[in-house]
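S.K.: Mind looking over this structure? Questions follow.
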Amino acid sequence: MGQQTHTLKQGSTSKQEQFRSRPWAATLILTGGVFALILGMFLSVSFGAADIQFSVVWDAIFHFNPDITQHQIIQEIRLPRLLGGAMVGASFAVAGAIMQGMTRNPLADSGLLGLNAGAGFVIALCFAFFPGLPFMYLILYGFLGAGVGAGLVYGIGSMAKGGLTPVRLVLAGAALSALLSALSEGIALYFKIGQDLAFWYAGGVAGTKWFQLKVMFPWIAAAILGAIVLSRSITMLSLGEDIAKGLGQRTALVKLAGTVIVLILAGSAVAVVGAVGFVGLIIPHLTRYLVGVDYRWIIPCSAIMGSLLVVFADLAARMVNPPYETPLGALIALIGVPFFLYLARKERREM
């Protein structure tokens with residue numbers, strides 16, 4: 001057993017040497033990303049249907065006067081919108097990073113594997129049968145729907161001859177997402193709640209309110225902290241389950257904890273922003289390319305870069321065709337779909 005463990009450790013060391021982490025790049029991303037995020041927040045608060053000067057933004061944040069209309073626009077509409085976008089971007093990105101690390105599936109993403117569609121379907125049921133349900137319960141049902149979606153996708157994918165492969169999982173996720181989206185639209189038509197669900201179909205942070213942020217922030221903060229605590233174990237899993245077991249990792253427990261974190265992040269994000277995909281696919285790949293394969297760096301850097309993507313994409317959604325807004329999900333899909341096709345083609349060549 002000692003010889004086997006030594007061999008596994010040597011295998012782990014060789015892989016770590018092959019994919020060396022780059023802490024200096026991670027430090028640069030974390031520090032530069034925070035400054036870029038602050039800049040993006042100021043731009044997001046300032047620009048929109050009504051452009052507002054930076055001096056007014058500063059006064060509205062630090063010297064709020066409820067009698068000034070521009071201060072009300074900033075405090076009640078734009079600030080919760082941009083903070084919601086930052087939290088949602090971090091949630092989707094970290095969830096995607098954990099999924100890719102645990103499953104060693106380069107195509108793993110909460111949107112592609114049915115989690116977002118499952119959460120959206122259960123939320124549609126809540127609108128139909130429990131109108132006026134408090135937002136706290138919507139988030140809880142979002143967790144449940146994400147779990148059901150993930151379970152169905154893995155069940156369908158495992159029934160295929162040859163077992164689970166990354167491409168089969170994505171195909172099963174696409175089929176289930178289409179089914180659940182169609183059922184959600186049918187529920188919307190039958191119960192005449194299409195206007196309520198239109199926000200989730202389009203995907204966006206325009207309707208985010210302070211009370212929603214107060215409910216979702218503890219969940220997302222706890223889940224991201226849990227992901228950081230779990231990051232070393234996820235790094236071991238990403239090198240291979242046999243190597244992780246040989247290094248003393250309790251892989252079943254790590255996978256269970258990681259799955260719970262992913263469901264919390266995906267469920268709460270979908271409850272706020274709706275059907276926005278590809279954030280959890282693009283950002284972890286880009287982060288790994290920049291910082292290496294150590295998830296102690298990948299997870300916090302993914303959180304920052306995911307926030308940046310959603311904040312700036314939301315800003316672009318308002319600036320493309322003012323005063324109208326382009327759906328946030330559509331803008332991110334313009335980047336995500338070509339990236340997904342590239343990864344799928346690459347994965348097919350390596351099979």
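All residue names refer to the structure tokens as shown: chains lettered A, B, ... in order, residues numbered from 1 in each chain, ligands numbered from 1 in order.
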Return as a VMD selection string the full set of residues in segment 68-112 of chain A whose backbone-based DSSP assignment is alpha helix (DSSP H).
M.R.: chain A and resid 69 to 73 79 to 103
S.K.: Quick one: residues within 6 Å of Ser238 of chain A, only C-alpha atoms, excluding same-chain residues fewer than 5 positions away - as a PyMOL selection string?
M.R.: chain A and resi 101-102+104
S.K.: Output all heavy atoms for every residue in the selection just made, as a CSV table (one decimal), in the first residue's frame.
M.R.:
```
chain,number,residue,atom,x,y,z
A,101,GLY,N,-14.0,20.6,-12.4
A,101,GLY,CA,-13.0,20.0,-11.6
A,101,GLY,C,-13.4,18.7,-11.1
A,101,GLY,O,-12.6,17.7,-11.1
A,102,MET,N,-14.6,18.5,-10.6
A,102,MET,CA,-15.0,17.3,-9.9
A,102,MET,C,-15.2,16.2,-11.0
A,102,MET,O,-14.9,15.0,-10.8
A,102,MET,CB,-16.3,17.5,-9.1
A,102,MET,CG,-16.1,18.2,-7.9
A,102,MET,SD,-17.6,18.1,-6.8
A,102,MET,CE,-18.9,18.4,-7.9
A,104,ARG,N,-14.1,16.3,-14.2
A,104,ARG,CA,-13.1,16.3,-15.3
A,104,ARG,C,-13.8,16.3,-16.6
A,104,ARG,O,-13.3,15.8,-17.6
A,104,ARG,CB,-12.2,15.0,-15.2
A,104,ARG,CG,-11.5,14.9,-13.8
A,104,ARG,CD,-10.6,13.7,-13.8
A,104,ARG,NE,-9.4,13.9,-14.6
A,104,ARG,CZ,-8.6,13.0,-15.0
A,104,ARG,NH1,-8.8,11.7,-14.7
A,104,ARG,NH2,-7.5,13.3,-15.7
```
S.K.: Please determine, counting only C-alpha atoms, which residue among A:Ala124, A:Ala93, A:Ala146, A:Leu265 has the shortest atom-to-atom distance to His285 of chain A.
M.R.: A:Ala93
S.K.: Could you state the separation of atom CA of Gly155 of chain A and atom CA of Leu343 of chain A in Å, given to one decimal place?
M.R.: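 Going from atom CA of Gly155 of chain A over to atom CA of Leu343 of chain A covers 23.2 Å.
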S.K.: Of the candidates A:Leu290, A:Lys209, A:Tyr324, A:Gly306, which shows the shortest atom-to-atom distance to Leu28 of chain A, using only C-alpha atoms?
M.R.: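 Result for the nearest residue to Leu28 of chain A: A:Leu290.
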S.K.: Please, what distance in Å, to one decimal, runs between atom CA of Leu263 of chain A and atom CA of Leu176 of chain A?
M.R.: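 About the pair atom CA of Leu263 of chain A and atom CA of Leu176 of chain A: they are 17.0 Å apart.
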S.K.: Closest to Trp297 of chain A among A:Val45, A:Ile38, A:Ala223, A:Ile228, using only C-alpha atoms?
M.R.: A:Ile228
S.K.: Which residue is closest to Leu83 of chain A? Choose from A:Ala26, A:Leu341, A:Leu37, A:Ala257 and count only C-alpha atoms.
M.R.: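 Closest to Leu83 of chain A of all the choices is A:Leu37.
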S.K.: So, counting only C-alpha atoms, which residue among A:Val34, A:Leu43, A:Val88, A:Leu125 is closest to Ile74 of chain A?
M.R.: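 The shortest atom-to-atom distance to Ile74 of chain A comes from A:Leu43.
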